[in-house]
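Peer 1: The structure is given below, and queries will be raised subsequently.
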Amino acid sequence: MHCNDKNSLPRLTKDELLYYLQQFADFSSYYQCAVFYVIIKNHLLGSMGNDSYQEYHKLVHELFLYVNDKRQFVSIIDAFLGQTTTENITSNNIFNIVKSCIGKDCDYFTKTLIFNTWLFKNNLCPLLCFAFGAWQVEPEVTEDKLQDIIELTIMSVYRIVAHAPEKDDKTLFNDSGGVFDVHITEDKQHVKKYPKNYAALAFLAQQEVESFEYFGKIPGLKQFLPLMYSLDAQSKVLTHTFINGISGDDILKTIGHLTGKQKKQLASFYDIYMKYPEMRFLDVHPGNFIWEPKTERWFLIDLGLIPKIGSDYYKWDNFDMYFHNVWETRLWQMKNVPIRSLDYALTSI
């Protein structure tokens, strides 16, 4: 979703971002309420320690009871806020509406609830504003920051919208991720990735192909990519070359460290990747790298983009810092500090 390259891969415009928020209207009433619930549940984390936390907790708990009833769901929020009015939202005034709410004399939980309710009533996706342990809105929220938040929302929250595509009978189950169900073909020549939610269908699958084309043009990076990456325009099923090897995660779990050659080649990738400040942000954690013993090379097998908010986890001044923070402490982090600190569960608090 995010790319700062103004020449070949421009960032989405306000109109395009609003378009994705508008896709929310195609969801069933249940999923609309479910998305709002997931968002406000995450916002509740940001209000811990607030004097009104118990009141907010009670509200969120009650909303969960009515995710099947949009009318009652909305009436509960209106009663909590003491307001029922709203206004039409366009790409031209959404920034001013959010900005006016942020300027209100109340805490962030209430501020975000106000403008999210406006979005909700306009059949637009509410915005995820508390993520990665911090509020992403600021007293003087800028237009760029609002775009970051919209980007984070549509890439992350749309993942909870279930989708069950038909799968090719000639595939063997291999893995399942948060965006795609991943299979390998019987001949073990290719990997097929089946979209499992709205985000994958709407834009994430297409973005992986664009990432393959983008990074394949960067000198030195093509060697780290599968030989082929394609997309079925109708089904949105991705296909790429199968890499017969072991993931970085599995190497860390079974051996505990990389060999000198593995580490040196990983450094080569990261050093080239970070030379491009206008790059698209990739999820460069150990689980997305496969070491192929036959060629003694790393391959990055997941070219899905991550939003700007959260990408700083991978952005270090040099490879040694990246390797220590992302690879060496990976097992501890997996147990204690989940990288995606967002709660997507449709369960009561």
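Labels for the structure tokens follow display order: chains A, B, ..., residues from 1 in each chain, ligands from 1.
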Skip Phe319 in chain A itself and residues of its chain fewer than 4 positions away, then list as a PDB file with C-alpha atoms, in the first residue's frame all residues within 10 Å of it, counting only C-alpha atoms.

Peer 2:
ATOM      1  CA  LYS A 263      24.551 -14.117   7.659  1.00  0.00           C
ATOM      2  CA  LYS A 264      26.806 -12.549   5.012  1.00  0.00           C
ATOM      3  CA  LEU A 266      21.450 -11.692   4.478  1.00  0.00           C
ATOM      4  CA  ALA A 267      23.595  -8.607   5.095  1.00  0.00           C
ATOM      5  CA  SER A 268      23.988  -8.184   1.347  1.00  0.00           C
ATOM      6  CA  PHE A 269      20.214  -8.170   0.940  1.00  0.00           C
ATOM      7  CA  TYR A 270      19.574  -5.717   3.759  1.00  0.00           C
ATOM      8  CA  ASP A 271      22.297  -3.303   2.737  1.00  0.00           C
ATOM      9  CA  MET A 274      17.969  -0.038   2.734  1.00  0.00           C
ATOM     10  CA  LYS A 315      14.396   0.085   9.757  1.00  0.00           C
ATOM     11  CA  PHE A 323      20.111  -8.602  12.659  1.00  0.00           C
ATOM     12  CA  HIS A 324      20.236  -8.243  16.422  1.00  0.00           C
ATOM     13  CA  ASN A 325      16.784  -6.723  16.832  1.00  0.00           C
TER      14      ASN A 325
END

Peer 1: Name the residues in contact with range 127-140 of chain A at a cut-off of 8 Å, using only C-alpha atoms, excluding same-chain residues fewer than 2 positions from it; report them as a list in words.

Peer 2: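 Listed by chain and then number, they are Ile39, Ile40, Asn42, His43, Leu45, Gly46, Lys99, Ile102, Gly103, Tyr108, Thr112, Asn116, Cys125, Thr142, Lys145, Leu146, Ile149, Ile150, Leu152, Thr153, Val157, Gly310, Arg340, Ser341 and Leu342 of chain A.
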
Peer 1: Go ahead and save the picked residues with N, CA and C atoms, as a compact mmCIF listing (two decimals), in the first residue's frame.

Peer 2:
# COMPACT_ATOMS: atom_id res chain seq x y z
N ILE A 39 -11.68 -2.40 16.09
CA ILE A 39 -10.96 -1.13 16.18
C ILE A 39 -11.10 -0.51 17.57
N ILE A 40 -12.34 -0.45 18.06
CA ILE A 40 -12.55 0.21 19.36
C ILE A 40 -11.95 -0.63 20.49
N ASN A 42 -9.12 -2.26 20.22
CA ASN A 42 -7.72 -1.85 20.22
C ASN A 42 -7.55 -0.48 20.86
N HIS A 43 -8.49 0.42 20.61
CA HIS A 43 -8.42 1.75 21.21
C HIS A 43 -8.56 1.69 22.72
N LEU A 45 -7.16 -0.37 24.60
CA LEU A 45 -5.81 -0.58 25.14
C LEU A 45 -5.11 0.75 25.37
N GLY A 46 -5.40 1.70 24.51
CA GLY A 46 -4.75 3.00 24.64
C GLY A 46 -5.31 3.84 25.78
N LYS A 99 -9.65 16.33 12.00
CA LYS A 99 -8.89 17.39 12.68
C LYS A 99 -9.74 18.10 13.72
N ILE A 102 -10.08 15.84 16.76
CA ILE A 102 -8.84 15.75 17.54
C ILE A 102 -8.66 17.01 18.39
N GLY A 103 -9.23 18.13 17.95
CA GLY A 103 -9.13 19.37 18.69
C GLY A 103 -10.11 19.50 19.84
N TYR A 108 -8.27 10.75 23.82
CA TYR A 108 -8.19 10.17 22.48
C TYR A 108 -9.26 9.11 22.24
N THR A 112 -11.55 9.64 18.97
CA THR A 112 -11.58 8.69 17.86
C THR A 112 -12.95 8.05 17.72
N ASN A 116 -14.97 8.22 14.25
CA ASN A 116 -15.22 6.89 13.71
C ASN A 116 -16.73 6.62 13.56
N CYS A 125 -15.15 2.89 6.42
CA CYS A 125 -14.47 2.11 7.45
C CYS A 125 -13.92 3.02 8.55
N THR A 142 -1.64 15.82 10.83
CA THR A 142 -1.38 16.33 9.49
C THR A 142 -2.07 15.45 8.46
N LYS A 145 -0.23 12.23 8.03
CA LYS A 145 -0.46 11.32 9.14
C LYS A 145 -1.81 10.64 9.01
N LEU A 146 -2.80 11.39 8.57
CA LEU A 146 -4.12 10.80 8.36
C LEU A 146 -4.05 9.73 7.28
N ILE A 149 -2.69 6.59 8.74
CA ILE A 149 -3.67 5.88 9.56
C ILE A 149 -4.69 5.15 8.70
N ILE A 150 -5.13 5.78 7.60
CA ILE A 150 -6.05 5.12 6.68
C ILE A 150 -5.38 3.89 6.08
N LEU A 152 -2.91 2.10 7.35
CA LEU A 152 -2.81 1.09 8.40
C LEU A 152 -4.14 0.37 8.58
N THR A 153 -5.22 1.13 8.55
CA THR A 153 -6.56 0.58 8.77
C THR A 153 -6.95 -0.41 7.69
N VAL A 157 -7.08 -3.98 9.32
CA VAL A 157 -8.39 -4.35 9.84
C VAL A 157 -9.22 -5.13 8.84
N GLY A 310 4.46 1.08 11.68
CA GLY A 310 4.88 -0.28 12.02
C GLY A 310 6.11 -0.72 11.25
N ARG A 340 3.10 -7.94 15.46
CA ARG A 340 1.84 -7.28 15.16
C ARG A 340 1.04 -7.18 16.45
N SER A 341 1.12 -6.03 17.08
CA SER A 341 0.50 -5.86 18.39
C SER A 341 -0.96 -5.41 18.25
N LEU A 342 -1.65 -5.93 17.22
CA LEU A 342 -3.04 -5.61 17.01
C LEU A 342 -3.90 -6.82 17.36

Peer 1: Expressed in Å to a single decimal, how great is the separation between CA of Asn96 in chain A and CA of Phe80 in chain A?

Peer 2: 23.3 Å

Peer 1: So which residues touch Asn68 in chain A within 8 Å, counting only C-alpha atoms, skipping near sequence neighbours fewer than 6 positions away, as a list in words?

Peer 2: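 So the residues in contact are Ser29, Tyr30 and Cys33 of chain A.
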
Peer 1: Please build the interface table for range 84-122 of chain A against range 49-54 of chain A with a cut-off of 12 Å, listing for each qualifying residue the nearest atom pair and the distance in Å to one decimal; count only C-alpha atoms, order rows by chain and increasing number, and write it as a tab-separated table.

Peer 2:
residue	atom	partner	partner_atom	distance
A:Cys106	CA	A:Ser52	CA	11.0
A:Asp107	CA	A:Asn50	CA	8.7
A:Tyr108	CA	A:Asn50	CA	10.3
A:Phe109	CA	A:Tyr53	CA	9.4
A:Thr110	CA	A:Ser52	CA	10.1

Peer 1: Take the selection from the previous step and output its residues with C-alpha atoms, as an mmCIF file, in the first residue's frame.

Peer 2:
data_model
loop_
_atom_site.group_PDB
_atom_site.id
_atom_site.type_symbol
_atom_site.label_atom_id
_atom_site.label_comp_id
_atom_site.auth_asym_id
_atom_site.auth_seq_id
_atom_site.Cartn_x
_atom_site.Cartn_y
_atom_site.Cartn_z
ATOM 1 C CA CYS A 106 -11.583 15.112 25.600
ATOM 2 C CA ASP A 107 -9.260 12.113 25.567
ATOM 3 C CA TYR A 108 -8.188 10.166 22.478
ATOM 4 C CA PHE A 109 -10.617 7.300 23.065
ATOM 5 C CA THR A 110 -13.585 9.660 22.884
#

Peer 1: From a DSSP pass on the backbone, collect the residues of range 178-263 of chain A flagged as strand (DSSP E) and hand them back as a list of chain:residue names.

Peer 2: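 Put together, the selection reads A:Phe180, A:Asp181, A:Val182, A:His183, A:Ile184, A:Thr185, A:His190, A:Val191, A:Lys192, A:Lys193, A:Tyr194, A:Pro195, A:Tyr229, A:Ser230, A:Leu231, A:Leu238, A:Thr239, A:His240, A:Thr241, A:Ile246, A:Ser247.
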
Peer 1: For the residues selected in the previous step, produce a file with C-alpha atoms as an mmCIF file, in the first residue's frame.

Peer 2:
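To be explicit, this is the file written out as selection_30.cif:
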data_model
loop_
_atom_site.group_PDB
_atom_site.id
_atom_site.type_symbol
_atom_site.label_atom_id
_atom_site.label_comp_id
_atom_site.auth_asym_id
_atom_site.auth_seq_id
_atom_site.Cartn_x
_atom_site.Cartn_y
_atom_site.Cartn_z
ATOM 1 C CA PHE A 180 -3.438 -15.943 2.224
ATOM 2 C CA ASP A 181 -3.836 -19.692 2.459
ATOM 3 C CA VAL A 182 -0.548 -21.008 1.087
ATOM 4 C CA HIS A 183 -0.286 -24.279 -0.889
ATOM 5 C CA ILE A 184 2.360 -26.028 -2.967
ATOM 6 C CA THR A 185 1.509 -27.827 -6.191
ATOM 7 C CA HIS A 190 5.087 -23.690 -7.568
ATOM 8 C CA VAL A 191 3.408 -22.093 -4.567
ATOM 9 C CA LYS A 192 -0.188 -20.905 -4.789
ATOM 10 C CA LYS A 193 -1.477 -18.260 -2.413
ATOM 11 C CA TYR A 194 -5.267 -18.056 -2.100
ATOM 12 C CA PRO A 195 -6.737 -14.794 -0.740
ATOM 13 C CA TYR A 229 5.559 -14.289 -9.561
ATOM 14 C CA SER A 230 2.166 -14.023 -11.225
ATOM 15 C CA LEU A 231 -1.439 -13.144 -10.424
ATOM 16 C CA LEU A 238 -0.877 -15.627 -6.572
ATOM 17 C CA THR A 239 1.597 -18.144 -7.984
ATOM 18 C CA HIS A 240 5.350 -18.089 -7.501
ATOM 19 C CA THR A 241 8.270 -20.480 -7.803
ATOM 20 C CA ILE A 246 14.175 -24.006 5.314
ATOM 21 C CA SER A 247 12.834 -20.743 6.708
#

Peer 1: Mind checking which residues fall within 12 Å of Gly216 in chain A, counting only C-alpha atoms, ignoring those fewer than 3 positions away in the same chain, and posting them as a PyMOL selection string?

Peer 2: chain A and resi 208-213+219-229+273+300+303
